[in-house]
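One structure is given below, encoded as structure tokens.
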Amino acid sequence: MSKRSILVVDDDQSVRSYLSDFLASCGYTVECAESGDEAVARLTAGYVPSVIVQDIVMPGINGIEVLESVKKINASIPVIILSGAGQIKTVVDAMKLGAADFLVKPFEEQELELAIENVVEKQKLKEEVKTLKRRLDSYDAGDILSTNPQVLKIKEIAKHVADTDVPVLITGESGVGKEVLARYIHAHSSRHDKPFVKVNCAALPNELLESELFGYERGAFTGALNDKPGKFELADKGTLLLDEIGEMTSHLQAKLLHVLQDCEYTRLGGKRTIHVDARVLASTNINLEEHVASGKFREDLYFRLNVIRIDIPPLRERREDIPLLCNYFLCRYHDRYKSSIDEISAPLMDSFLRYDWPGNIRQLENAVKRHLILPDINVNLSEVKEQPQSNAAPVSTKPKQDNMSLKDVGTRAAEQAERELVLRVLEETSWNRKQAARRLNICYKALLNKLKRWQMDNRQNTPSSFTKPARSKDFHSLPF
């Protein structure tokens, strides 16, 4: 297949000659067919042009019938319709059947050239998305998507140290993909078929974190009715990621240091020594050196964890990855959200490329999710300002306030989009929550929890603030 080949289908010899000469001067390889029957015969024989430019009214099978045949033979070939001024209804029918564009005779040469360039570019984007989707279908959860030289170097370092079993300290801003890199290291190690266990050291109170890491014996404290193994035990022979390690208290730091040195510990309330063989990875978005200097983090533990250190650059320093990541998230969530969006528009992609993304890849992911679910609402990144994040803040469509961070907006937008989708499915299922849960691919209990959190237990007490998404002209009323 020639990437710039065009099939001209028209029964008028003068039109065919004119179009052939003009398109050839534009750099295209041109083939001509004087009837719809001839065009269909060529396509059936295996000819695959980049674009078909065809008339509507022709002897034999007409343009609509040719279009129907094209979509049956190879639906990926874009078709541009050439019509007369009185053939608007026919053109509408053609667009419904999948015509890529139409031009009304007489037209300017620039119009035709621009129309062809647009459909070729759109077709190219669709092929890239299909390629990425095929890659996604076989995507290894331990892979890292990037074309940035610094990130590619990080991947090589990660592969090199994966089988060494030494601790690795992964640093970088929130949302840059520290956990993704940790999983990449695990996937390329000899422990890849063993558990990968993650513990968020910032998400739990100190007492709970200790029991979560090291487990407890029955009766160790009120409510300890049964023995519970800790994350170290669960990660035995595998990999344990200690996320946000800088938030750990000095007491737990001392106990962790002992485990790293001796590979053994005791559960809370227990006397039996437990031996573990877990490869430890740690990640943080804070400056551990400053914490060591101020006494907030043990120096001996820091040196124990900092055998290999990998710093992941923020997204603003690897902007060439933004289109790749956008397409990846588009493919990943397109079917899940039943979205009509097949590609990120050029203006939106330009905004994405120019924005600094303080929330990094996680923030970009939320922005793509929101665009897939609510495509009619513009994503105006340039107007968003800084504000401390508040996950508990209610989602609303009130005018944005000053000092609002895009990270906060991303959280709110994702929540708003999720509520929109849930309400839509509930309405489609006449509020049959079990059926809605199945369609949303979540468990029934999870749906009930969401409805309770949003105060949407039934149609009568759906919050009045829960409104339908605004159209594009109303996007200034939204956080983006």
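Residue numbering restarts at 1 for every chain of the structure tokens, chains are lettered A, B, ... in their displayed order, and ligands are numbered from 1 as they appear.
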
Residues near Ile116 (chain A), cut-off 8 Å, only C-alpha atoms, skip fewer than 4 positions along chain, as a count of residues only: 4

When DSSP works through the backbone of this structure, what residues of region 75-190 of chain A end up as strand (DSSP E or B), shown as number ranges by chain? A: 79-83, 101-104, 168-171

When DSSP works through the backbone of this structure, what residues of region 60-264 of chain A end up as helix (DSSP H, G or I), shown as a PyMOL selection string? chain A and resi 63-73+88-96+109-137+149-161+178-187+206-214+231-234+245-247+250-262

Got a sec: who's within 7 Å of Asp236 (chain A), counting only C-alpha atoms, leaving out chain neighbours fewer than 6 positions off, as a list in words?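 That gives Val276, Asp277 and Ala278 of chain A.
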
Any chance you could export the current selection's C-alpha atoms as a compact mmCIF listing (two decimals), in the first residue's frame?
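Saved file selection.txt follows:
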```
# COMPACT_ATOMS: atom_id res chain seq x y z
CA VAL A 276 11.98 -13.37 55.76
CA ASP A 277 13.59 -13.12 52.34
CA ALA A 278 11.99 -10.03 50.80
```

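Picture a line from CA of Leu241 (chain A) to CA of Asn148 (chain A); it runs 24.9 Å.
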
Find the spatial neighbours of His186 (chain A), counting only C-alpha atoms, within a cut-off of 10 Å - ignore same-chain residues fewer than 4 positions away - and output them as a PDB file with C-alpha atoms, in the first residue's frame.
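The file below, result.pdb, is the result:
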```
ATOM      1  CA  GLY A 142       6.215  -4.212  34.387  1.00  0.00           C
ATOM      2  CA  ALA A 158      16.719  -0.762  36.598  1.00  0.00           C
ATOM      3  CA  LYS A 159      17.214  -3.859  34.440  1.00  0.00           C
ATOM      4  CA  ALA A 162      16.894  -5.974  39.107  1.00  0.00           C
ATOM      5  CA  ASP A 163      18.605  -9.271  39.920  1.00  0.00           C
ATOM      6  CA  ASP A 165      18.623  -8.027  45.346  1.00  0.00           C
ATOM      7  CA  VAL A 180       5.669   1.794  38.086  1.00  0.00           C
ATOM      8  CA  LEU A 181       9.479   1.723  38.225  1.00  0.00           C
ATOM      9  CA  ALA A 182       9.389  -0.471  41.327  1.00  0.00           C
ATOM     10  CA  SER A 190      14.324 -13.508  39.446  1.00  0.00           C
ATOM     11  CA  ARG A 191      11.508 -12.850  41.913  1.00  0.00           C
ATOM     12  CA  HIS A 192       9.063 -11.861  39.158  1.00  0.00           C
ATOM     13  CA  ASP A 193       6.830 -14.882  39.792  1.00  0.00           C
ATOM     14  CA  LYS A 194       6.633 -14.130  43.518  1.00  0.00           C
ATOM     15  CA  PRO A 195       4.488 -11.495  45.274  1.00  0.00           C
ATOM     16  CA  PHE A 196       4.948  -7.771  44.801  1.00  0.00           C
ATOM     17  CA  GLY A 238       9.187 -11.535  46.495  1.00  0.00           C
ATOM     18  CA  THR A 239       9.489  -7.735  46.596  1.00  0.00           C
ATOM     19  CA  LEU A 240       8.265  -5.236  49.189  1.00  0.00           C
ATOM     20  CA  LEU A 241       7.823  -1.576  48.186  1.00  0.00           C
ATOM     21  CA  ARG A 279      13.744  -7.677  48.435  1.00  0.00           C
ATOM     22  CA  LEU A 281      12.485  -1.126  47.483  1.00  0.00           C
TER      23      LEU A 281
END
```

Point-to-point distance in Å for CA of Met58 (chain A) and CA of Leu43 (chain A):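 Result for CA of Leu43 (chain A) versus CA of Met58 (chain A): 17.5 Å, one decimal.
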
Neighbours of Lys178 (chain A) within 10 Å (only C-alpha atoms; same-chain residues fewer than 2 positions away dropped), as a PyMOL selection string? chain A and resi 169-176+180-184+241+243+282-285+310-312

Using the selection just defined, write its residues with C-alpha atoms as a PDB file, in the first residue's frame.
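Okay, this is what ended up in out02.pdb:
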```pdb
ATOM      1  CA  LEU A 169      15.741   4.060  46.687  1.00  0.00           C
ATOM      2  CA  ILE A 170      13.399   5.623  44.101  1.00  0.00           C
ATOM      3  CA  THR A 171      12.892   9.374  44.367  1.00  0.00           C
ATOM      4  CA  GLY A 172      10.818  11.881  42.455  1.00  0.00           C
ATOM      5  CA  GLU A 173       7.825  14.148  42.678  1.00  0.00           C
ATOM      6  CA  SER A 174       4.378  12.798  43.404  1.00  0.00           C
ATOM      7  CA  GLY A 175       2.844  11.138  40.368  1.00  0.00           C
ATOM      8  CA  VAL A 176       6.019  10.604  38.311  1.00  0.00           C
ATOM      9  CA  VAL A 180       5.669   1.794  38.086  1.00  0.00           C
ATOM     10  CA  LEU A 181       9.479   1.723  38.225  1.00  0.00           C
ATOM     11  CA  ALA A 182       9.389  -0.471  41.327  1.00  0.00           C
ATOM     12  CA  ARG A 183       7.133  -2.953  39.538  1.00  0.00           C
ATOM     13  CA  TYR A 184       9.448  -2.793  36.519  1.00  0.00           C
ATOM     14  CA  LEU A 241       7.823  -1.576  48.186  1.00  0.00           C
ATOM     15  CA  ASP A 243       6.153   3.871  49.500  1.00  0.00           C
ATOM     16  CA  ALA A 282      11.712   2.306  48.924  1.00  0.00           C
ATOM     17  CA  SER A 283      10.273   5.431  47.358  1.00  0.00           C
ATOM     18  CA  THR A 284       9.802   9.013  48.486  1.00  0.00           C
ATOM     19  CA  ASN A 285       8.917  12.444  47.143  1.00  0.00           C
ATOM     20  CA  ILE A 310      17.150   6.301  40.961  1.00  0.00           C
ATOM     21  CA  ASP A 311      15.729   9.798  40.488  1.00  0.00           C
ATOM     22  CA  ILE A 312      12.734   9.975  38.132  1.00  0.00           C
TER      23      ILE A 312
END
```

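The interatomic distance for the pair CA of Arg218 (chain A) and CA of Val259 (chain A) works out to 21.9 Å.
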